[in-house]
$ cat input39.cif   # mmCIF, C-alpha atoms
data_my_file
loop_
_atom_site.group_PDB
_atom_site.id
_atom_site.type_symbol
_atom_site.label_atom_id
_atom_site.label_comp_id
_atom_site.auth_asym_id
_atom_site.auth_seq_id
_atom_site.Cartn_x
_atom_site.Cartn_y
_atom_site.Cartn_z
ATOM 1 C CA MET A 40 103.987 84.957 124.324
ATOM 2 C CA MET A 41 101.318 84.678 121.670
ATOM 3 C CA THR A 42 102.162 86.922 118.737
ATOM 4 C CA THR A 43 100.149 87.399 115.568
ATOM 5 C CA THR A 44 101.069 89.484 112.598
ATOM 6 C CA GLU A 45 98.523 91.053 110.304
ATOM 7 C CA LYS A 46 99.430 92.917 107.158
ATOM 8 C CA HIS A 47 96.783 95.069 105.546
ATOM 9 C CA ALA A 48 96.774 96.302 101.994
ATOM 10 C CA ALA A 49 94.913 99.509 102.851
ATOM 11 C CA ASP A 50 96.498 102.630 101.449
ATOM 12 C CA ARG A 51 99.934 101.158 100.777
ATOM 13 C CA ALA A 52 100.989 103.944 98.442
ATOM 14 C CA PRO A 53 103.316 106.768 99.520
ATOM 15 C CA ALA A 54 101.610 109.746 101.076
ATOM 16 C CA PRO A 55 100.041 112.051 98.487
ATOM 17 C CA GLY A 56 102.105 115.122 97.835
ATOM 18 C CA SER A 57 105.264 113.623 99.309
ATOM 19 C CA ALA A 58 108.354 115.241 97.918
ATOM 20 C CA PRO A 59 110.796 113.007 96.087
ATOM 21 C CA GLY A 60 113.496 111.793 98.416
ATOM 22 C CA THR A 61 111.398 112.003 101.576
ATOM 23 C CA ALA A 62 111.099 108.913 103.731
ATOM 24 C CA SER A 63 107.519 108.251 102.652
ATOM 25 C CA ALA A 64 108.267 108.768 98.960
ATOM 26 C CA SER A 65 111.433 106.683 98.930
ATOM 27 C CA ALA A 66 110.248 103.753 101.039
ATOM 28 C CA SER A 67 108.523 101.066 98.998
ATOM 29 C CA VAL A 68 105.733 98.941 100.405
ATOM 30 C CA GLU A 69 108.224 96.090 100.725
ATOM 31 C CA GLN A 70 110.637 98.308 102.686
ATOM 32 C CA LEU A 71 107.834 99.461 104.978
ATOM 33 C CA GLU A 72 106.749 95.855 105.524
ATOM 34 C CA GLN A 73 110.380 95.044 106.345
ATOM 35 C CA GLU A 74 110.417 97.924 108.873
ATOM 36 C CA GLY A 75 107.250 96.529 110.447
ATOM 37 C CA ASP A 76 108.733 93.032 110.667
ATOM 38 C CA ILE A 77 111.945 94.322 112.270
ATOM 39 C CA ALA A 78 109.940 96.473 114.686
ATOM 40 C CA ALA A 79 107.712 93.512 115.588
ATOM 41 C CA ASP A 80 110.753 91.320 116.295
ATOM 42 C CA TYR A 81 112.288 94.053 118.453
ATOM 43 C CA LEU A 82 109.062 94.680 120.370
ATOM 44 C CA GLU A 83 108.438 90.958 120.831
ATOM 45 C CA GLY A 84 111.868 90.715 122.462
ATOM 46 C CA LEU A 85 111.071 93.613 124.795
ATOM 47 C CA LEU A 86 107.701 92.135 125.713
ATOM 48 C CA ASP A 87 109.371 88.767 126.422
ATOM 49 C CA ILE A 88 111.939 90.425 128.701
ATOM 50 C CA ALA A 89 109.178 92.247 130.578
ATOM 51 C CA ASP A 90 107.029 89.070 130.630
ATOM 52 C CA ILE A 91 104.099 90.935 129.055
ATOM 53 C CA ASP A 92 101.700 89.148 126.715
ATOM 54 C CA GLY A 93 100.743 91.018 123.595
ATOM 55 C CA ASP A 94 99.642 90.466 120.039
ATOM 56 C CA LEU A 95 101.394 92.463 117.340
ATOM 57 C CA ALA A 96 99.517 93.800 114.320
ATOM 58 C CA LEU A 97 101.339 95.335 111.362
ATOM 59 C CA ASP A 98 99.926 97.722 108.799
ATOM 60 C CA VAL A 99 101.299 99.904 106.019
ATOM 61 C CA ARG A 100 99.414 103.085 105.159
ATOM 62 C CA SER A 101 100.150 106.644 104.090
ATOM 63 C CA GLY A 102 103.806 105.837 103.525
ATOM 64 C CA ARG A 103 104.401 104.597 107.089
ATOM 65 C CA ALA A 104 104.661 101.310 108.901
ATOM 66 C CA TYR A 105 102.235 101.035 111.829
ATOM 67 C CA VAL A 106 102.791 98.514 114.602
ATOM 68 C CA SER A 107 100.184 97.895 117.285
ATOM 69 C CA VAL A 108 100.627 95.971 120.514
ATOM 70 C CA GLU A 109 97.269 94.634 121.604
ATOM 71 C CA ASN A 110 95.900 92.491 124.406
ATOM 72 C CA ASP A 111 92.323 91.686 125.405
ATOM 73 C CA ASP A 112 93.377 92.268 129.025
ATOM 74 C CA VAL A 113 93.754 96.071 128.987
ATOM 75 C CA GLU A 114 95.385 96.040 132.414
ATOM 76 C CA SER A 115 98.361 94.012 131.142
ATOM 77 C CA LEU A 116 99.396 96.881 128.815
ATOM 78 C CA ARG A 117 98.438 99.746 131.156
ATOM 79 C CA LEU A 118 101.997 100.796 132.046
ATOM 80 C CA LEU A 119 103.225 100.548 128.466
ATOM 81 C CA SER A 120 100.294 102.511 127.026
ATOM 82 C CA ASP A 121 101.167 105.765 128.823
ATOM 83 C CA PRO A 122 101.741 108.343 126.020
ATOM 84 C CA ASP A 123 105.273 109.201 127.194
ATOM 85 C CA THR A 124 106.176 105.514 127.401
ATOM 86 C CA VAL A 125 104.746 104.854 123.929
ATOM 87 C CA GLN A 126 106.772 107.782 122.551
ATOM 88 C CA ALA A 127 109.962 106.415 124.133
ATOM 89 C CA LEU A 128 109.259 102.871 122.893
ATOM 90 C CA GLN A 129 108.544 104.257 119.438
ATOM 91 C CA GLU A 130 111.891 106.049 119.356
ATOM 92 C CA LEU A 131 113.749 102.934 120.546
ATOM 93 C CA THR A 132 111.947 100.851 117.946
ATOM 94 C CA ARG A 133 112.752 103.361 115.195
ATOM 95 C CA ILE A 134 116.427 103.211 116.189
ATOM 96 C CA ALA A 135 116.340 99.397 116.073
ATOM 97 C CA VAL A 136 114.783 99.533 112.586
ATOM 98 C CA GLN A 137 117.276 102.151 111.389
ATOM 99 C CA THR A 138 120.188 100.086 112.722
ATOM 100 C CA LYS A 139 119.024 97.043 110.715
ATOM 101 C CA THR A 140 117.994 98.850 107.512
ATOM 102 C CA GLY A 141 120.328 101.842 107.401
ATOM 103 C CA ARG A 142 117.277 104.024 106.619
ATOM 104 C CA PHE A 143 115.422 106.583 108.739
ATOM 105 C CA SER A 144 112.081 105.159 109.856
ATOM 106 C CA ARG A 145 108.815 107.049 110.364
ATOM 107 C CA LEU A 146 107.234 104.009 112.018
ATOM 108 C CA ILE A 147 104.237 104.647 114.268
ATOM 109 C CA LEU A 148 103.706 102.557 117.406
ATOM 110 C CA ASP A 149 100.417 102.065 119.214
ATOM 111 C CA VAL A 150 100.173 100.225 122.525
ATOM 112 C CA GLY A 151 96.770 99.207 123.819
ATOM 113 C CA GLY A 152 94.909 101.946 121.940
ATOM 114 C CA SER A 153 97.249 104.719 123.115
ATOM 115 C CA ARG A 154 97.058 106.519 119.749
ATOM 116 C CA ASP A 155 93.271 106.778 119.930
ATOM 117 C CA ALA A 156 93.531 108.040 123.511
ATOM 118 C CA ARG A 157 96.106 110.643 122.453
ATOM 119 C CA GLN A 158 93.916 111.695 119.501
ATOM 120 C CA HIS A 159 91.086 112.348 121.970
ATOM 121 C CA GLN A 160 93.420 114.368 124.236
ATOM 122 C CA LEU A 161 94.564 116.461 121.266
ATOM 123 C CA GLU A 162 90.960 117.115 120.236
ATOM 124 C CA LYS A 163 90.229 118.423 123.759
ATOM 125 C CA LEU A 164 93.383 120.569 123.635
ATOM 126 C CA VAL A 165 92.333 122.083 120.294
ATOM 127 C CA ASP A 166 88.812 122.697 121.599
ATOM 128 C CA ARG A 167 90.211 124.588 124.624
ATOM 129 C CA ALA A 168 92.385 126.667 122.274
ATOM 130 C CA ILE A 169 89.344 127.456 120.119
ATOM 131 C CA ALA A 170 87.489 128.552 123.259
ATOM 132 C CA ARG A 171 90.329 131.047 123.909
ATOM 133 C CA LEU A 172 89.843 132.377 120.360
ATOM 134 C CA ASP A 173 86.096 132.642 120.992
ATOM 135 C CA GLU A 174 86.908 134.724 124.091
ATOM 136 C CA GLY A 175 88.812 137.220 121.929
ATOM 137 C CA ALA A 176 92.379 135.939 121.644
ATOM 138 C CA SER A 177 93.924 136.540 118.212
ATOM 139 C CA GLN A 178 95.769 133.218 118.326
ATOM 140 C CA ALA A 179 96.250 130.238 120.607
ATOM 141 C CA SER A 180 99.557 128.433 121.030
ATOM 142 C CA LEU A 181 99.674 124.764 121.953
ATOM 143 C CA PRO A 182 102.539 123.075 123.814
ATOM 144 C CA ALA A 183 105.458 121.568 121.933
ATOM 145 C CA MET A 184 104.800 118.083 120.576
ATOM 146 C CA SER A 185 106.096 115.519 118.114
ATOM 147 C CA SER A 186 105.712 115.977 114.369
ATOM 148 C CA TYR A 187 103.119 113.198 114.264
ATOM 149 C CA GLU A 188 101.048 114.883 116.985
ATOM 150 C CA ARG A 189 101.371 118.270 115.257
ATOM 151 C CA LYS A 190 100.075 116.660 112.055
ATOM 152 C CA LEU A 191 97.083 115.314 113.975
ATOM 153 C CA VAL A 192 96.482 118.783 115.458
ATOM 154 C CA HIS A 193 96.645 120.409 111.997
ATOM 155 C CA ASP A 194 94.034 117.883 110.773
ATOM 156 C CA ILE A 195 91.754 118.511 113.783
ATOM 157 C CA VAL A 196 92.058 122.306 113.380
ATOM 158 C CA ALA A 197 91.244 122.094 109.658
ATOM 159 C CA GLU A 198 88.182 119.932 110.421
ATOM 160 C CA ARG A 199 86.974 122.678 112.753
ATOM 161 C CA GLY A 200 87.397 125.348 110.052
ATOM 162 C CA LEU A 201 90.425 127.168 111.443
ATOM 163 C CA VAL A 202 94.061 127.432 110.371
ATOM 164 C CA SER A 203 97.232 126.355 112.128
ATOM 165 C CA GLU A 204 100.961 126.645 111.631
ATOM 166 C CA SER A 205 103.961 125.124 113.357
ATOM 167 C CA TYR A 206 106.667 127.339 114.815
ATOM 168 C CA GLY A 207 109.968 126.756 116.570
ATOM 169 C CA GLU A 208 112.745 124.237 116.166
ATOM 170 C CA GLY A 209 113.402 120.757 117.510
ATOM 171 C CA ALA A 210 111.851 119.939 120.868
ATOM 172 C CA ASP A 211 110.341 123.461 121.049
ATOM 173 C CA ARG A 212 108.303 123.115 117.821
ATOM 174 C CA HIS A 213 104.653 123.860 118.561
ATOM 175 C CA THR A 214 101.392 124.705 116.809
ATOM 176 C CA VAL A 215 99.608 128.058 116.729
ATOM 177 C CA ILE A 216 95.894 128.213 115.866
ATOM 178 C CA ARG A 217 94.134 131.207 114.285
ATOM 179 C CA ARG A 218 90.853 131.989 112.609
ATOM 180 C CA GLY A 219 91.000 131.776 108.798
#
$ encode --input "input39.cif" --output "structure tokens"
Amino acid sequence: MMTTTEKHAADRAPAPGSAPGTASASASVEQLEQEGDIAADYLEGLLDIADIDGDLALDVRSGRAYVSVENDDVESLRLLSDPDTVQALQELTRIAVQTKTGRFSRLILDVGGSRDARQHQLEKLVDRAIARLDEGASQASLPAMSSYERKLVHDIVAERGLVSESYGEGADRHTVIRRG
């Protein structure tokens, strides 16, 4: 398997406004790079087992390690790039990183552009919710999703000039959109 590692210096500082003691505030750039290296090793092993070629790219930004699995042949990553599969692989990779470091990891995994595809899906979901508001609904609830996806939804909603809040606990946590 051909594997390349790229580390970018873009936005290597902890996320603005992070509270002291949070994962993004307490993890140094070096620790996040270490998380990315551990994740890349773990993912390379999985790709070898599955006999899937992929290049790994590492990045540190906004207080998180980002790992991307890329391949010029989109078809070779098709099964792995399904959003549910990416979420499961991300959780397994986070556990592998946590086992090695002893620290909780907020690592983000992208396989074959799956994050961009999910961003587009979330934009469509928000637009449908806004259409319900335009039809007279006082609020629009979205399905439960991960904290990372809820953050993306909050950003999309704010860009469109509305407000959103998350409600619920655990796997039932979801976003509700309202006019400002």
$ residues_around --input "input39.cif" --residues "Val196 in chain A" --least-positions-apart "2" --cutoff "10 Å" --atoms "all atoms listed in the file" --output "list in words"
Glu162, Val165, Asp166, Ala168, Ile169, Lys190, Leu191, Val192, His193, Asp194, Glu198, Arg199, Gly200, Leu201, Val202, Ser203, Ile216, Arg217 and Arg218 of chain A
$ atom_distance --input "input39.cif" --atom1 "CA of Ala135 in chain A" --atom2 "CA of Gly152 in chain A"
22.4 Å
$ closest_residue --input "input39.cif" --among "A:Ser185, A:Ser205, A:Thr214, A:Ser177" --to "Ala127 in chain A" --atoms "all atoms listed in the file"
A:Ser185
$ resolve_selection --input "input39.cif" --expression "the PyMOL selection byres ((chain A and resi 184) around 8)" --output "ChimeraX atom specification"
/A:182-183,185-186,188-189,210-213
$ closest_residue --input "input39.cif" --among "A:Gln73, A:Pro122, A:Leu131, A:Ala179" --to "Asp155 in chain A" --atoms "only C-alpha atoms"
A:Pro122
$ closest_atom_pairs --input "input39.cif" --of "range 120-207 of chain A" --to "range 81-105 of chain A" --cutoff "8 Å" --atoms "all atoms listed in the file" --output "Markdown table"
| residue | atom | partner | partner_atom | distance |
| --- | --- | --- | --- | --- |
| A:Thr132 | CA | A:Tyr81 | CA | 6.8 |
| A:Ala135 | CA | A:Tyr81 | CA | 7.1 |
| A:Arg145 | CA | A:Arg103 | CA | 6.0 |
| A:Leu146 | CA | A:Ala104 | CA | 4.9 |
| A:Ile147 | CA | A:Tyr105 | CA | 4.8 |
| A:Leu148 | CA | A:Tyr105 | CA | 6.0 |
| A:Asp149 | CA | A:Tyr105 | CA | 7.7 |
$ resolve_selection --input "input39.cif" --expression "the PyMOL selection byres ((chain A and resi 110) around 8)" --output "PyMOL selection string"
chain A and resi 92-94+108-109+111-113+115-116+151
$ atom_distance --input "input39.cif" --atom1 "CA of Ala79 in chain A" --atom2 "CA of Ser67 in chain A"
18.2 Å
$ decode --input "input39.cif" --residues "range 203-214 of chain A" --atoms "all heavy atoms" --output "mmCIF file, in the first residue's frame"
data_model
loop_
_atom_site.group_PDB
_atom_site.id
_atom_site.type_symbol
_atom_site.label_atom_id
_atom_site.label_comp_id
_atom_site.auth_asym_id
_atom_site.auth_seq_id
_atom_site.Cartn_x
_atom_site.Cartn_y
_atom_site.Cartn_z
ATOM 1 N N SER A 203 -30.248 28.150 16.080
ATOM 2 C CA SER A 203 -30.443 26.724 16.346
ATOM 3 C C SER A 203 -29.915 26.403 17.737
ATOM 4 O O SER A 203 -29.036 27.085 18.256
ATOM 5 C CB SER A 203 -29.711 25.886 15.296
ATOM 6 O OG SER A 203 -28.332 26.190 15.283
ATOM 7 N N GLU A 204 -30.505 25.378 18.310
ATOM 8 C CA GLU A 204 -30.077 24.875 19.614
ATOM 9 C C GLU A 204 -30.147 23.361 19.591
ATOM 10 O O GLU A 204 -30.958 22.781 18.879
ATOM 11 C CB GLU A 204 -30.999 25.387 20.725
ATOM 12 C CG GLU A 204 -30.905 26.872 20.981
ATOM 13 C CD GLU A 204 -31.798 27.281 22.133
ATOM 14 O OE1 GLU A 204 -31.484 26.916 23.288
ATOM 15 O OE2 GLU A 204 -32.816 27.936 21.866
ATOM 16 N N SER A 205 -29.290 22.739 20.396
ATOM 17 C CA SER A 205 -29.315 21.285 20.523
ATOM 18 C C SER A 205 -30.093 20.896 21.763
ATOM 19 O O SER A 205 -29.987 21.556 22.801
ATOM 20 C CB SER A 205 -27.886 20.734 20.616
ATOM 21 O OG SER A 205 -27.217 20.905 19.393
ATOM 22 N N TYR A 206 -30.870 19.830 21.643
ATOM 23 C CA TYR A 206 -31.680 19.320 22.738
ATOM 24 C C TYR A 206 -31.506 17.812 22.837
ATOM 25 O O TYR A 206 -31.200 17.158 21.843
ATOM 26 C CB TYR A 206 -33.169 19.627 22.509
ATOM 27 C CG TYR A 206 -33.502 21.091 22.584
ATOM 28 C CD1 TYR A 206 -33.545 21.861 21.424
ATOM 29 C CD2 TYR A 206 -33.747 21.708 23.802
ATOM 30 C CE1 TYR A 206 -33.837 23.213 21.477
ATOM 31 C CE2 TYR A 206 -34.043 23.067 23.862
ATOM 32 C CZ TYR A 206 -34.087 23.812 22.699
ATOM 33 O OH TYR A 206 -34.378 25.145 22.767
ATOM 34 N N GLY A 207 -31.773 17.275 24.019
ATOM 35 C CA GLY A 207 -31.712 15.838 24.218
ATOM 36 C C GLY A 207 -30.370 15.413 24.788
ATOM 37 O O GLY A 207 -29.457 16.217 24.961
ATOM 38 N N GLU A 208 -30.264 14.133 25.043
ATOM 39 C CA GLU A 208 -29.060 13.568 25.643
ATOM 40 C C GLU A 208 -28.562 12.402 24.810
ATOM 41 O O GLU A 208 -29.344 11.685 24.183
ATOM 42 C CB GLU A 208 -29.355 13.076 27.069
ATOM 43 C CG GLU A 208 -29.788 14.156 28.037
ATOM 44 C CD GLU A 208 -28.710 15.190 28.310
ATOM 45 O OE1 GLU A 208 -27.518 14.814 28.354
ATOM 46 O OE2 GLU A 208 -29.058 16.370 28.449
ATOM 47 N N GLY A 209 -27.252 12.210 24.805
ATOM 48 C CA GLY A 209 -26.649 11.039 24.179
ATOM 49 C C GLY A 209 -27.036 10.872 22.723
ATOM 50 O O GLY A 209 -27.004 11.824 21.942
ATOM 51 N N ALA A 210 -27.421 9.663 22.374
ATOM 52 C CA ALA A 210 -27.752 9.331 20.983
ATOM 53 C C ALA A 210 -29.015 10.039 20.499
ATOM 54 O O ALA A 210 -29.276 10.084 19.301
ATOM 55 C CB ALA A 210 -27.915 7.821 20.834
ATOM 56 N N ASP A 211 -29.806 10.605 21.411
ATOM 57 C CA ASP A 211 -31.035 11.314 21.034
ATOM 58 C C ASP A 211 -30.821 12.828 20.853
ATOM 59 O O ASP A 211 -31.765 13.553 20.549
ATOM 60 C CB ASP A 211 -32.118 11.095 22.089
ATOM 61 C CG ASP A 211 -32.577 9.660 22.141
ATOM 62 O OD1 ASP A 211 -32.596 8.996 21.069
ATOM 63 O OD2 ASP A 211 -32.898 9.176 23.247
ATOM 64 N N ARG A 212 -29.597 13.312 21.025
ATOM 65 C CA ARG A 212 -29.347 14.753 20.927
ATOM 66 C C ARG A 212 -29.549 15.193 19.474
ATOM 67 O O ARG A 212 -29.022 14.616 18.544
ATOM 68 C CB ARG A 212 -27.941 15.079 21.407
ATOM 69 C CG ARG A 212 -27.720 16.549 21.662
ATOM 70 C CD ARG A 212 -26.772 16.759 22.824
ATOM 71 N NE ARG A 212 -26.420 18.151 23.004
ATOM 72 C CZ ARG A 212 -27.121 19.002 23.743
ATOM 73 N NH1 ARG A 212 -28.191 18.589 24.387
ATOM 74 N NH2 ARG A 212 -26.729 20.256 23.866
ATOM 75 N N HIS A 213 -30.351 16.247 19.305
ATOM 76 C CA HIS A 213 -30.719 16.729 17.987
ATOM 77 C C HIS A 213 -30.756 18.250 17.979
ATOM 78 O O HIS A 213 -30.666 18.891 19.031
ATOM 79 C CB HIS A 213 -32.088 16.166 17.566
ATOM 80 C CG HIS A 213 -33.189 16.618 18.458
ATOM 81 N ND1 HIS A 213 -33.419 16.083 19.703
ATOM 82 C CD2 HIS A 213 -34.121 17.590 18.290
ATOM 83 C CE1 HIS A 213 -34.448 16.690 20.274
ATOM 84 N NE2 HIS A 213 -34.892 17.618 19.435
ATOM 85 N N THR A 214 -30.908 18.829 16.802
ATOM 86 C CA THR A 214 -30.910 20.272 16.635
ATOM 87 C C THR A 214 -32.307 20.761 16.267
ATOM 88 O O THR A 214 -33.002 20.118 15.488
ATOM 89 C CB THR A 214 -29.924 20.673 15.515
ATOM 90 O OG1 THR A 214 -28.649 20.106 15.807
ATOM 91 C CG2 THR A 214 -29.783 22.178 15.421
#
